[in-house]
>>> print(open('target10.csv').read())   # CSV, C-alpha atoms and all ligand atoms
chain,number,residue,atom,x,y,z
A,282,MET,CA,0.0,0.0,0.0
A,283,ILE,CA,1.0,3.6,-0.5
A,284,LEU,CA,0.8,6.0,2.4
A,285,VAL,CA,-0.4,9.4,1.4
A,286,THR,CA,0.0,12.1,4.1
A,287,GLY,CA,-2.3,15.0,3.5
A,288,GLY,CA,-4.5,13.0,1.1
A,289,ALA,CA,-7.6,14.8,2.3
A,290,GLY,CA,-6.2,18.1,0.8
A,291,TYR,CA,-6.2,19.6,-2.6
A,292,ILE,CA,-3.2,18.0,-4.4
A,293,GLY,CA,-3.1,14.9,-2.2
A,294,SER,CA,-6.6,13.9,-3.1
A,295,HIS,CA,-5.9,14.2,-6.9
A,296,CYS,CA,-2.8,12.0,-6.4
A,297,VAL,CA,-4.9,9.4,-4.5
A,298,LEU,CA,-7.2,9.2,-7.5
A,299,ALA,CA,-4.2,8.7,-9.8
A,300,LEU,CA,-2.9,6.0,-7.5
A,301,LEU,CA,-6.2,4.2,-7.5
A,302,GLU,CA,-6.4,4.4,-11.2
A,303,GLY,CA,-2.9,2.8,-11.4
A,304,GLY,CA,-4.2,-0.1,-9.3
A,305,HIS,CA,-2.6,0.9,-5.9
A,306,ASP,CA,-4.2,0.6,-2.5
A,307,VAL,CA,-3.9,3.7,-0.5
A,308,VAL,CA,-3.8,4.8,3.2
A,309,ILE,CA,-4.6,8.4,3.8
A,310,PHE,CA,-3.1,10.0,6.9
A,311,ASP,CA,-4.5,13.4,7.6
A,312,ASN,CA,-5.5,15.5,10.7
A,313,LEU,CA,-8.1,17.4,8.6
A,314,CYS,CA,-6.7,20.8,9.7
A,315,THR,CA,-7.1,22.1,6.1
A,316,GLY,CA,-8.3,18.9,4.5
A,317,HIS,CA,-11.9,17.6,4.4
A,318,ILE,CA,-13.6,14.4,5.4
A,319,GLU,CA,-16.1,14.8,2.5
A,320,ILE,CA,-13.1,14.5,0.1
A,321,VAL,CA,-12.0,11.3,1.8
A,322,GLU,CA,-15.5,9.9,1.5
A,323,ASN,CA,-15.6,10.7,-2.2
A,324,LEU,CA,-12.2,9.0,-2.8
A,325,LYS,CA,-13.4,5.8,-1.1
A,326,LYS,CA,-15.9,5.3,-3.9
A,327,TYR,CA,-13.1,4.7,-6.4
A,328,GLY,CA,-10.9,2.0,-4.9
A,329,ARG,CA,-9.4,0.7,-1.7
A,330,VAL,CA,-8.8,3.7,0.5
A,331,GLU,CA,-8.1,3.5,4.3
A,332,PHE,CA,-8.3,6.6,6.3
A,333,VAL,CA,-6.4,7.3,9.5
A,334,LYS,CA,-7.1,10.6,11.2
A,335,GLY,CA,-3.9,11.5,12.9
A,336,ASP,CA,-1.3,14.3,13.3
A,337,LEU,CA,2.3,14.1,12.1
A,338,ASN,CA,3.3,16.0,15.2
A,339,ASN,CA,2.3,12.9,17.3
A,340,LEU,CA,4.9,10.2,16.6
A,341,SER,CA,2.6,7.5,18.0
A,342,ASP,CA,-0.1,8.5,15.5
A,343,ILE,CA,2.2,7.9,12.5
A,344,ASN,CA,3.9,4.9,14.0
A,345,SER,CA,0.5,3.2,14.3
A,346,VAL,CA,-0.1,3.5,10.6
A,347,PHE,CA,3.2,1.6,9.7
A,348,GLU,CA,2.3,-0.9,12.5
A,349,LYS,CA,-1.1,-1.6,11.1
A,350,TYR,CA,-0.6,-1.5,7.3
A,351,SER,CA,2.0,-2.9,5.0
A,352,ILE,CA,3.4,0.3,3.4
A,353,ASP,CA,5.7,0.2,0.4
A,354,ALA,CA,6.3,3.9,-0.1
A,355,VAL,CA,5.2,7.3,1.1
A,356,ILE,CA,3.9,10.3,-0.8
A,357,HIS,CA,4.1,13.3,1.6
A,358,PHE,CA,1.8,16.3,1.1
A,359,ALA,CA,0.9,17.2,4.7
A,360,ALA,CA,2.1,20.7,5.4
A,361,PHE,CA,1.0,24.3,5.9
A,362,SER,CA,1.5,26.3,2.8
A,363,GLN,CA,0.4,29.9,3.1
A,364,VAL,CA,3.3,32.2,2.5
A,365,ALA,CA,2.0,35.3,4.3
A,366,GLU,CA,0.9,33.3,7.3
A,367,SER,CA,4.4,31.8,7.5
A,368,VAL,CA,5.9,35.2,7.7
A,369,LYS,CA,3.6,36.2,10.6
A,370,ASN,CA,3.9,32.9,12.4
A,371,PRO,CA,7.1,31.0,11.4
A,372,GLN,CA,6.9,28.7,14.4
A,373,LYS,CA,3.7,27.2,13.2
A,374,TYR,CA,5.4,26.4,9.9
A,375,TYR,CA,8.7,25.0,11.2
A,376,MET,CA,6.8,22.9,13.8
A,377,ASN,CA,4.4,21.4,11.4
A,378,ASN,CA,6.4,21.2,8.2
A,379,VAL,CA,9.8,20.4,9.5
A,380,GLY,CA,8.8,18.8,12.9
A,381,GLY,CA,6.0,16.7,11.3
A,382,THR,CA,8.3,15.5,8.5
A,383,MET,CA,11.0,14.6,11.1
A,384,ASN,CA,8.5,12.3,12.8
A,385,LEU,CA,7.4,10.8,9.5
A,386,LEU,CA,11.0,10.1,8.5
A,387,SER,CA,11.8,8.6,11.9
A,388,SER,CA,8.8,6.4,11.7
A,389,MET,CA,9.8,5.3,8.2
A,390,LEU,CA,13.3,4.3,9.5
A,391,LYS,CA,11.8,2.4,12.4
A,392,TYR,CA,9.6,0.4,10.0
A,393,ASP,CA,12.3,0.1,7.3
A,394,ILE,CA,10.4,2.1,4.6
A,395,LYS,CA,13.0,3.7,2.4
A,396,LYS,CA,11.1,5.5,-0.4
A,397,ILE,CA,9.4,8.9,-0.3
A,398,VAL,CA,8.0,11.4,-2.8
A,399,PHE,CA,7.9,14.9,-1.2
A,400,SER,CA,5.9,18.0,-2.1
A,401,SER,CA,8.5,20.8,-2.4
A,402,THR,CA,7.9,24.1,-4.0
A,403,ALA,CA,9.3,26.8,-6.3
A,404,ALA,CA,9.3,29.0,-3.2
A,405,THR,CA,12.6,27.2,-2.3
A,406,TYR,CA,14.3,29.2,-5.1
A,407,GLY,CA,13.3,32.6,-3.7
A,408,GLU,CA,13.8,35.7,-6.0
A,409,PRO,CA,14.7,34.3,-9.4
A,410,GLU,CA,18.1,35.1,-10.8
A,411,TYR,CA,17.1,33.9,-14.2
A,412,ILE,CA,14.0,32.6,-16.0
A,413,PRO,CA,13.1,29.9,-16.7
A,414,ILE,CA,14.2,28.4,-13.4
A,415,ASP,CA,16.0,25.1,-13.7
A,416,GLU,CA,16.9,22.7,-10.8
A,417,ASN,CA,20.4,24.2,-10.6
A,418,HIS,CA,19.1,27.6,-9.8
A,419,PRO,CA,20.3,28.7,-6.3
A,420,GLN,CA,17.8,27.9,-3.5
A,421,ASN,CA,17.5,31.1,-1.4
A,422,PRO,CA,13.9,31.2,0.0
A,423,ILE,CA,12.6,34.5,1.1
A,424,ASN,CA,9.9,33.3,3.5
A,425,PRO,CA,9.6,30.7,6.3
A,426,TYR,CA,7.3,28.5,4.2
A,427,GLY,CA,10.0,28.2,1.4
A,428,GLN,CA,12.7,27.8,4.1
A,429,SER,CA,10.8,25.0,5.8
A,430,LYS,CA,10.6,23.1,2.5
A,431,LEU,CA,14.3,23.6,1.8
A,432,MET,CA,15.2,22.4,5.2
A,433,ILE,CA,13.3,19.2,4.6
A,434,GLU,CA,15.0,18.7,1.2
A,435,LYS,CA,18.4,19.0,3.0
A,436,ILE,CA,17.3,16.6,5.8
A,437,MET,CA,16.3,14.1,3.1
A,438,ASP,CA,19.8,14.3,1.5
A,439,ASP,CA,21.4,13.5,4.8
A,440,TYR,CA,18.9,10.7,5.5
A,441,ASP,CA,19.8,9.1,2.1
A,442,ARG,CA,23.6,9.4,2.8
A,443,ALA,CA,23.3,8.0,6.3
A,444,TYR,CA,20.3,5.6,6.2
A,445,GLY,CA,19.7,4.9,2.5
A,446,LEU,CA,16.3,6.5,2.5
A,447,ARG,CA,15.7,7.6,-1.1
A,448,SER,CA,13.6,10.6,-1.9
A,449,VAL,CA,12.1,12.4,-4.9
A,450,ARG,CA,11.4,16.1,-4.2
A,451,LEU,CA,8.9,17.6,-6.6
A,452,ARG,CA,9.1,21.4,-6.7
A,453,TYR,CA,5.7,22.6,-7.8
A,454,PHE,CA,5.1,25.9,-9.5
A,455,ASN,CA,1.5,27.2,-9.4
A,456,VAL,CA,-1.0,24.3,-9.2
A,457,ALA,CA,-4.3,24.8,-10.9
A,458,GLY,CA,-7.5,23.1,-11.9
A,459,ALA,CA,-9.6,20.2,-10.5
A,460,ASP,CA,-10.4,16.6,-11.3
A,461,SER,CA,-11.7,16.2,-14.8
A,462,GLN,CA,-14.7,14.2,-13.5
A,463,ASN,CA,-15.3,16.7,-10.7
A,464,ARG,CA,-14.8,14.1,-8.0
A,465,VAL,CA,-12.4,16.3,-6.0
A,466,GLY,CA,-11.0,19.9,-6.3
A,467,GLU,CA,-9.4,22.8,-4.5
A,468,TRP,CA,-11.1,23.6,-1.2
A,469,HIS,CA,-9.2,26.0,1.0
A,470,ASP,CA,-10.5,28.5,3.6
A,471,PRO,CA,-9.1,31.1,3.3
A,472,GLU,CA,-8.3,30.6,-0.4
A,473,THR,CA,-5.1,32.3,-1.3
A,474,HIS,CA,-4.7,31.1,-4.9
A,475,LEU,CA,-5.4,33.2,-7.9
A,476,ILE,CA,-7.8,31.1,-10.1
A,477,PRO,CA,-10.2,30.0,-7.4
A,478,ASN,CA,-10.3,33.6,-6.0
A,479,ILE,CA,-11.2,35.0,-9.4
A,480,LEU,CA,-13.9,32.3,-9.9
A,481,LYS,CA,-15.3,32.7,-6.3
A,482,SER,CA,-15.8,36.4,-6.9
A,483,THR,CA,-18.4,35.5,-9.6
A,484,PHE,CA,-20.7,33.8,-7.1
A,485,SER,CA,-23.2,35.6,-4.9
A,486,GLY,CA,-21.6,36.6,-1.7
A,487,GLY,CA,-18.1,36.3,-3.2
A,488,GLN,CA,-15.5,39.0,-2.5
A,489,LYS,CA,-14.5,41.3,-5.2
A,490,PHE,CA,-11.3,40.1,-6.9
A,491,GLN,CA,-8.3,42.1,-6.0
A,492,MET,CA,-5.4,42.3,-8.5
A,493,TYR,CA,-2.1,43.1,-6.7
A,494,GLY,CA,0.4,45.1,-8.8
A,495,THR,CA,0.0,46.3,-12.4
A,496,ASP,CA,3.4,48.0,-12.6
A,497,TYR,CA,5.8,45.0,-12.8
A,498,ASN,CA,8.3,44.8,-15.6
A,499,THR,CA,6.3,42.2,-17.5
A,500,LYS,CA,4.5,42.3,-20.8
A,501,ASP,CA,1.3,43.8,-19.3
A,502,GLY,CA,2.5,44.9,-15.9
A,503,THR,CA,1.1,42.0,-13.9
A,504,CYS,CA,3.0,39.1,-12.4
A,505,VAL,CA,3.9,36.1,-14.5
A,506,ARG,CA,3.4,32.6,-13.1
A,507,ASP,CA,3.5,29.0,-14.4
A,508,TYR,CA,0.2,27.2,-13.9
A,509,ILE,CA,0.5,23.5,-13.8
A,510,ASN,CA,-2.7,21.4,-14.0
A,511,VAL,CA,-3.3,19.3,-10.9
A,512,GLU,CA,-4.0,16.1,-12.8
A,513,ASP,CA,-0.7,16.5,-14.7
A,514,LEU,CA,1.0,17.1,-11.4
A,515,ALA,CA,-0.6,14.0,-9.9
A,516,LYS,CA,0.8,11.9,-12.7
A,517,ALA,CA,4.3,13.1,-12.0
A,518,HIS,CA,4.0,11.6,-8.5
A,519,ILE,CA,3.1,8.2,-10.0
A,520,LEU,CA,6.1,8.4,-12.3
A,521,ALA,CA,8.3,9.5,-9.3
A,522,LEU,CA,7.2,6.4,-7.4
A,523,GLU,CA,8.0,4.2,-10.4
A,524,TYR,CA,11.4,5.9,-10.6
A,525,LEU,CA,12.1,5.0,-7.0
A,526,ASN,CA,10.7,1.5,-7.4
A,527,ASN,CA,13.1,1.0,-10.3
A,528,GLY,CA,16.1,1.9,-8.1
A,529,GLY,CA,16.3,5.6,-9.0
A,530,ARG,CA,18.6,7.6,-6.8
A,531,THR,CA,17.5,10.6,-4.7
A,532,ASN,CA,16.5,13.4,-7.0
A,533,TYR,CA,14.5,16.6,-7.4
A,534,PHE,CA,12.4,18.0,-10.3
A,535,ASN,CA,10.6,21.1,-11.2
A,536,LEU,CA,7.0,20.6,-12.1
A,537,GLY,CA,5.6,23.4,-14.2
A,538,THR,CA,4.6,23.9,-17.9
A,539,SER,CA,7.6,26.1,-18.8
A,540,ASP,CA,5.1,28.6,-20.0
A,541,GLY,CA,4.2,31.7,-18.1
A,542,SER,CA,0.8,33.6,-17.9
A,543,THR,CA,0.2,37.0,-16.5
A,544,VAL,CA,-2.4,37.7,-13.9
A,545,LYS,CA,-4.3,39.7,-16.5
A,546,GLU,CA,-4.2,36.8,-19.0
A,547,VAL,CA,-5.5,34.4,-16.3
A,548,PHE,CA,-8.2,37.0,-15.5
A,549,SER,CA,-9.3,37.2,-19.1
A,550,ALA,CA,-9.3,33.4,-19.4
A,551,CYS,CA,-11.6,33.2,-16.4
A,552,GLU,CA,-14.0,35.8,-18.0
A,553,MET,CA,-14.1,33.7,-21.1
A,554,VAL,CA,-14.7,30.4,-19.3
A,555,THR,CA,-17.4,31.8,-17.0
A,556,GLY,CA,-18.9,34.0,-19.7
A,557,LYS,CA,-19.1,36.8,-17.1
A,558,ASP,CA,-17.6,40.4,-16.9
A,559,ILE,CA,-15.8,40.0,-13.6
A,560,ASP,CA,-15.3,43.0,-11.3
A,561,VAL,CA,-11.8,43.8,-10.3
A,562,GLU,CA,-10.1,46.1,-7.9
A,563,ILE,CA,-6.6,47.1,-8.7
A,564,CYS,CA,-4.4,47.2,-5.6
A,565,SER,CA,-0.7,48.0,-5.0
A,566,ARG,CA,2.0,45.3,-5.1
A,567,ARG,CA,2.2,42.7,-2.3
A,568,GLU,CA,5.6,42.4,-0.6
A,569,GLY,CA,7.6,39.4,-1.7
A,570,ASP,CA,5.9,38.7,-5.0
A,571,PRO,CA,8.6,38.2,-7.7
A,572,ALA,CA,7.7,39.6,-11.1
A,573,SER,CA,8.1,36.2,-12.9
A,574,LEU,CA,8.3,32.6,-11.9
A,575,VAL,CA,8.5,30.1,-14.7
A,576,ALA,CA,9.8,26.5,-14.5
A,577,ASP,CA,12.3,24.9,-16.8
A,578,ASN,CA,10.7,21.4,-16.7
A,579,ARG,CA,13.1,19.6,-19.0
A,580,LYS,CA,14.6,17.4,-16.3
A,581,ALA,CA,11.3,15.9,-15.3
A,582,LYS,CA,10.5,15.3,-18.9
A,583,GLU,CA,13.8,13.6,-19.6
A,584,VAL,CA,14.3,11.5,-16.4
A,585,LEU,CA,10.7,10.8,-15.4
A,586,ASN,CA,9.1,10.8,-18.9
A,587,TRP,CA,6.6,13.3,-17.6
A,588,VAL,CA,4.6,15.2,-20.1
A,589,PRO,CA,2.2,18.0,-18.9
A,590,GLU,CA,-0.7,18.0,-21.3
A,591,LYS,CA,-3.5,20.2,-20.0
A,592,SER,CA,-3.9,23.9,-20.9
A,593,LEU,CA,-4.5,26.8,-18.6
A,594,ASN,CA,-8.0,27.2,-20.1
A,595,TYR,CA,-8.8,23.5,-19.3
A,596,SER,CA,-7.6,24.0,-15.7
A,597,ILE,CA,-9.9,27.0,-15.4
A,598,GLU,CA,-12.9,25.1,-16.8
A,599,LYS,CA,-12.4,22.3,-14.3
A,600,ALA,CA,-11.8,24.7,-11.4
A,601,TYR,CA,-15.1,26.5,-12.4
A,602,ASP,CA,-17.0,23.2,-12.4
A,603,TRP,CA,-15.6,22.4,-9.0
A,604,GLU,CA,-16.4,25.9,-7.6
A,605,LYS,CA,-20.0,25.5,-8.7
A,606,THR,CA,-20.2,22.2,-6.8
A,607,LEU,CA,-18.6,23.8,-3.7
A,608,SER,CA,-21.0,26.7,-3.8
A,609,ARG,CA,-23.9,24.3,-3.9
A,610,GLU,CA,-22.5,22.3,-1.0
A,611,MET,CA,-22.0,25.5,1.1
A,612,LEU,CA,-25.5,26.6,0.4
A,613,ASN,CA,-26.8,23.2,1.5
A,614,ALA,CA,-24.6,23.2,4.7
B,701,LIG,N1,-1.2,24.3,-3.9
B,701,LIG,C1,0.0,24.7,-4.5
B,701,LIG,O1,0.0,25.5,-5.4
B,701,LIG,C2,1.3,24.2,-4.0
B,701,LIG,C3,2.5,24.7,-4.6
B,701,LIG,C4,3.7,24.2,-4.1
B,701,LIG,C5,3.8,23.3,-3.1
B,701,LIG,N2,2.6,22.8,-2.5
B,701,LIG,C6,2.7,21.8,-1.5
B,701,LIG,O2,1.9,20.7,-1.8
B,701,LIG,C7,1.4,20.1,-0.6
B,701,LIG,C8,-0.2,20.0,-0.7
B,701,LIG,O3,-0.7,21.3,-0.9
B,701,LIG,P1,-2.3,21.6,-1.0
B,701,LIG,O4,-2.5,22.8,-1.7
B,701,LIG,O5,-2.9,20.3,-1.4
B,701,LIG,O6,-2.6,21.8,0.6
B,701,LIG,P2,-3.9,21.4,1.5
B,701,LIG,O7,-3.8,22.3,2.7
B,701,LIG,O8,-5.1,21.3,0.6
B,701,LIG,O9,-3.5,19.9,1.9
B,701,LIG,C9,-2.6,19.6,3.0
B,701,LIG,C10,-3.2,18.5,3.7
B,701,LIG,O10,-2.3,18.1,4.8
B,701,LIG,C11,-3.0,18.0,6.0
B,701,LIG,N3,-2.1,18.2,7.1
B,701,LIG,C12,-1.4,19.4,7.4
B,701,LIG,N4,-0.7,19.2,8.5
B,701,LIG,C13,-0.8,18.0,8.9
B,701,LIG,C14,-0.3,17.2,10.0
B,701,LIG,N5,0.5,17.8,10.9
B,701,LIG,N6,-0.7,15.9,10.2
B,701,LIG,C15,-1.6,15.4,9.3
B,701,LIG,N7,-2.1,16.0,8.3
B,701,LIG,C16,-1.7,17.3,8.1
B,701,LIG,C17,-4.2,18.9,5.9
B,701,LIG,O11,-5.3,18.6,6.7
B,701,LIG,C18,-4.5,18.8,4.4
B,701,LIG,O12,-5.5,17.8,4.1
B,701,LIG,C19,1.9,21.0,0.6
B,701,LIG,O13,3.0,20.3,1.1
B,701,LIG,C20,2.3,22.3,-0.1
B,701,LIG,O14,3.3,22.9,0.6
B,701,LIG,C21,1.4,23.3,-2.9
>>> encode(input="target10.csv", output="structure tokens")
Amino acid sequence: MILVTGGAGYIGSHCVLALLEGGHDVVIFDNLCTGHIEIVENLKKYGRVEFVKGDLNNLSDINSVFEKYSIDAVIHFAAFSQVAESVKNPQKYYMNNVGGTMNLLSSMLKYDIKKIVFSSTAATYGEPEYIPIDENHPQNPINPYGQSKLMIEKIMDDYDRAYGLRSVRLRYFNVAGADSQNRVGEWHDPETHLIPNILKSTFSGGQKFQMYGTDYNTKDGTCVRDYINVEDLAKAHILALEYLNNGGRTNYFNLGTSDGSTVKEVFSACEMVTGKDIDVEICSRREGDPASLVADNRKAKEVLNWVPEKSLNYSIEKAYDWEKTLSREMLNA
């Protein structure tokens, strides 16, 4: 079985679907701090999914999973991931992201599990020195969130050298979209990501969309980001698992499309997909937002044979379908 920490969350739940489709049995370990039990219930309809409600900060919680189930490998999503919050409350991030991962790794060593795929982030690179960003770009994170993920990457290198625990670290750029069959999707509160925020503003009671910064040195003045579809992203985890199963060494890969879109372009695409004129409030820049972040994804293509296939418009269409479902559920709640 594959242990998926954070499998009740956004990206983890899409990865669970991909695992089930690949014939794997899955154990989800999640404390539901930002994940949802409704997502777990949906996932259970599509294959063998065991759910353990537990917290990585409690070593006994995670030990009990390895005790009970026969785990072959781990895919580790569980973390806090809001950049601004990490600046205000770094302790929360270091305790949960670094401390929780330390417990997970110690439990893996105790039960002799030596393969892990880990959710890292483009935030480990910090302010880009060149674009597109390849894996050799210096890692100088500019916030505690990125710092916590970089620390984990370094810890994983040491654990490989000392204990032979092999890892694949996947550095995601901006993840977007939802399951193509609308079984799961992005469900954060508060939502900090661009696409769901634009889409949410079109529903009654939604907050007006705020666009931060229109005076960047980019083609239309707004920030450029690389939006990678969540199903394409999930596939990369399956390939990373196969890579480790085939004896692949510890490694790290950027996951992005290598194609950037500006905030204004994303906004126009959302207007097109929804067929609505969306209200927007132009605001000043937010601190710590680099002008451009675009991945060089050639390494993942070459080594993992990963091919991102889905367009930004497709991601927005699926995200919109999911937002409609969420807004109905909230109305019914
Ligand atoms: N969403 C993005 O664009 C993005 C980009 C780069 C990296 N990432 C990384 O991907 C991973 C998943 O992100 P997401 O957007 O799906 O987040 P999410 O908040 O939707 O999912 C995280 C899940 O982990 C669980 N969790 C958190 N702390 C836990 C703990 N101590 N014990 C047990 N469960 C715990 C939460 O309940 C939640 O279900 C995170 O590690 C994040 O840093 C996300």
>>> residues_near_point(input="target10.csv", point="(8.3, 36.0, 1.5)", cutoff="10 Å", atoms="all atoms listed in the file", output="number ranges by chain")
A: 364-368, 404, 407-408, 422-428, 567-571
>>> closest_residue(input="target10.csv", among="A:Phe548, A:Tyr440, A:Tyr392, A:Tyr411", to="A:Pro477", atoms="all atoms listed in the file")
A:Phe548
>>> atom_distance(input="target10.csv", atom1="atom CA of A:Thr286", atom2="atom CA of A:Thr606")
25.1 Å
>>> closest_residue(input="target10.csv", among="A:Ile597, A:Leu446, A:Ile356, A:Leu574", to="A:Thr405", atoms="only C-alpha atoms")
A:Leu574
>>> atom_distance(input="target10.csv", atom1="atom C19 of ligand LIG 701 (chain B)", atom2="atom CA of A:Ser542")
22.4 Å
>>> residues_near_ligand(input="target10.csv", ligand="ligand LIG 701 (chain B)", cutoff="6 Å", atoms="only C-alpha atoms and all ligand atoms", output="ChimeraX atom specification")
/A:287-293,311-316,335-338,358-362,377,381,400-402,453-456
>>> atom_distance(input="target10.csv", atom1="atom CA of A:Ala600", atom2="atom CA of A:Ala459")
5.1 Å
>>> closest_residue(input="target10.csv", among="A:Gly541, A:Gly304, A:Gly494, A:Gly487", to="A:Asp577", atoms="only C-alpha atoms")
A:Gly541
>>> residues_around(input="target10.csv", residues="stretch 394-396 of chain A", least_positions_apart="4", cutoff="7 Å", atoms="only C-alpha atoms", output="list of chain:residue names")
A:Asp353, A:Ala354, A:Val355, A:Met389, A:Leu390, A:Gly445, A:Leu446, A:Arg447, A:Ser448, A:Leu525
>>> closest_residue(input="target10.csv", among="A:His295, A:Lys334, A:His469, A:Arg464", to="A:Gln363", atoms="all atoms listed in the file")
A:His469
>>> closest_residue(input="target10.csv", among="A:Ile509, A:Ile414, A:Cys551, A:Leu451", to="A:Thr531", atoms="only C-alpha atoms")
A:Leu451
>>> closest_residue(input="target10.csv", among="A:Pro419, A:Gly458, A:Gly486, A:Gly303", to="A:His474", atoms="only C-alpha atoms")
A:Gly458
>>> residues_around(input="target10.csv", residues="A:Lys557", least_positions_apart="4", cutoff="8 Å", atoms="only C-alpha atoms", output="list in words")
Thr483, Glu552 and Met553 of chain A
>>> build_atoms(input="target10.csv", residues="stretch 531-549 of chain A", atoms="N, CA and C atoms", output="PDB file, in the frame of the given file")
ATOM      1  N   THR A 531      18.095   9.323  -5.171  1.00  0.00           N
ATOM      2  CA  THR A 531      17.500  10.600  -4.700  1.00  0.00           C
ATOM      3  C   THR A 531      17.611  11.660  -5.699  1.00  0.00           C
ATOM      4  N   ASN A 532      16.510  12.387  -5.931  1.00  0.00           N
ATOM      5  CA  ASN A 532      16.500  13.400  -7.000  1.00  0.00           C
ATOM      6  C   ASN A 532      15.489  14.447  -6.773  1.00  0.00           C
ATOM      7  N   TYR A 533      15.480  15.455  -7.612  1.00  0.00           N
ATOM      8  CA  TYR A 533      14.500  16.600  -7.400  1.00  0.00           C
ATOM      9  C   TYR A 533      14.194  17.132  -8.815  1.00  0.00           C
ATOM     10  N   PHE A 534      12.940  17.537  -8.953  1.00  0.00           N
ATOM     11  CA  PHE A 534      12.400  18.000 -10.300  1.00  0.00           C
ATOM     12  C   PHE A 534      11.503  19.153 -10.132  1.00  0.00           C
ATOM     13  N   ASN A 535      11.598  20.063 -11.080  1.00  0.00           N
ATOM     14  CA  ASN A 535      10.600  21.100 -11.200  1.00  0.00           C
ATOM     15  C   ASN A 535       9.363  20.595 -11.878  1.00  0.00           C
ATOM     16  N   LEU A 536       8.197  20.950 -11.372  1.00  0.00           N
ATOM     17  CA  LEU A 536       7.000  20.600 -12.100  1.00  0.00           C
ATOM     18  C   LEU A 536       6.221  21.896 -12.432  1.00  0.00           C
ATOM     19  N   GLY A 537       6.303  22.216 -13.694  1.00  0.00           N
ATOM     20  CA  GLY A 537       5.600  23.400 -14.200  1.00  0.00           C
ATOM     21  C   GLY A 537       5.454  23.122 -15.733  1.00  0.00           C
ATOM     22  N   THR A 538       4.863  24.088 -16.447  1.00  0.00           N
ATOM     23  CA  THR A 538       4.600  23.900 -17.900  1.00  0.00           C
ATOM     24  C   THR A 538       5.784  24.456 -18.729  1.00  0.00           C
ATOM     25  N   SER A 539       6.612  25.294 -18.102  1.00  0.00           N
ATOM     26  CA  SER A 539       7.600  26.100 -18.800  1.00  0.00           C
ATOM     27  C   SER A 539       7.022  27.223 -19.605  1.00  0.00           C
ATOM     28  N   ASP A 540       5.776  27.542 -19.296  1.00  0.00           N
ATOM     29  CA  ASP A 540       5.100  28.600 -20.000  1.00  0.00           C
ATOM     30  C   ASP A 540       4.426  29.514 -18.982  1.00  0.00           C
ATOM     31  N   GLY A 541       4.704  30.793 -19.080  1.00  0.00           N
ATOM     32  CA  GLY A 541       4.200  31.700 -18.100  1.00  0.00           C
ATOM     33  C   GLY A 541       2.899  32.416 -18.548  1.00  0.00           C
ATOM     34  N   SER A 542       2.014  32.755 -17.616  1.00  0.00           N
ATOM     35  CA  SER A 542       0.800  33.600 -17.900  1.00  0.00           C
ATOM     36  C   SER A 542       0.776  34.717 -16.947  1.00  0.00           C
ATOM     37  N   THR A 543       0.364  35.882 -17.426  1.00  0.00           N
ATOM     38  CA  THR A 543       0.200  37.000 -16.500  1.00  0.00           C
ATOM     39  C   THR A 543      -1.089  36.932 -15.768  1.00  0.00           C
ATOM     40  N   VAL A 544      -1.177  37.692 -14.673  1.00  0.00           N
ATOM     41  CA  VAL A 544      -2.400  37.700 -13.900  1.00  0.00           C
ATOM     42  C   VAL A 544      -3.565  38.224 -14.818  1.00  0.00           C
ATOM     43  N   LYS A 545      -3.271  39.209 -15.646  1.00  0.00           N
ATOM     44  CA  LYS A 545      -4.300  39.700 -16.500  1.00  0.00           C
ATOM     45  C   LYS A 545      -4.766  38.661 -17.549  1.00  0.00           C
ATOM     46  N   GLU A 546      -3.822  37.874 -18.026  1.00  0.00           N
ATOM     47  CA  GLU A 546      -4.200  36.800 -19.000  1.00  0.00           C
ATOM     48  C   GLU A 546      -5.077  35.755 -18.276  1.00  0.00           C
ATOM     49  N   VAL A 547      -4.721  35.415 -17.030  1.00  0.00           N
ATOM     50  CA  VAL A 547      -5.500  34.400 -16.300  1.00  0.00           C
ATOM     51  C   VAL A 547      -6.925  35.025 -16.055  1.00  0.00           C
ATOM     52  N   PHE A 548      -6.970  36.295 -15.704  1.00  0.00           N
ATOM     53  CA  PHE A 548      -8.200  37.000 -15.500  1.00  0.00           C
ATOM     54  C   PHE A 548      -9.127  36.921 -16.718  1.00  0.00           C
ATOM     55  N   SER A 549      -8.544  37.247 -17.867  1.00  0.00           N
ATOM     56  CA  SER A 549      -9.300  37.200 -19.100  1.00  0.00           C
ATOM     57  C   SER A 549      -9.806  35.815 -19.431  1.00  0.00           C
TER      58      SER A 549
END
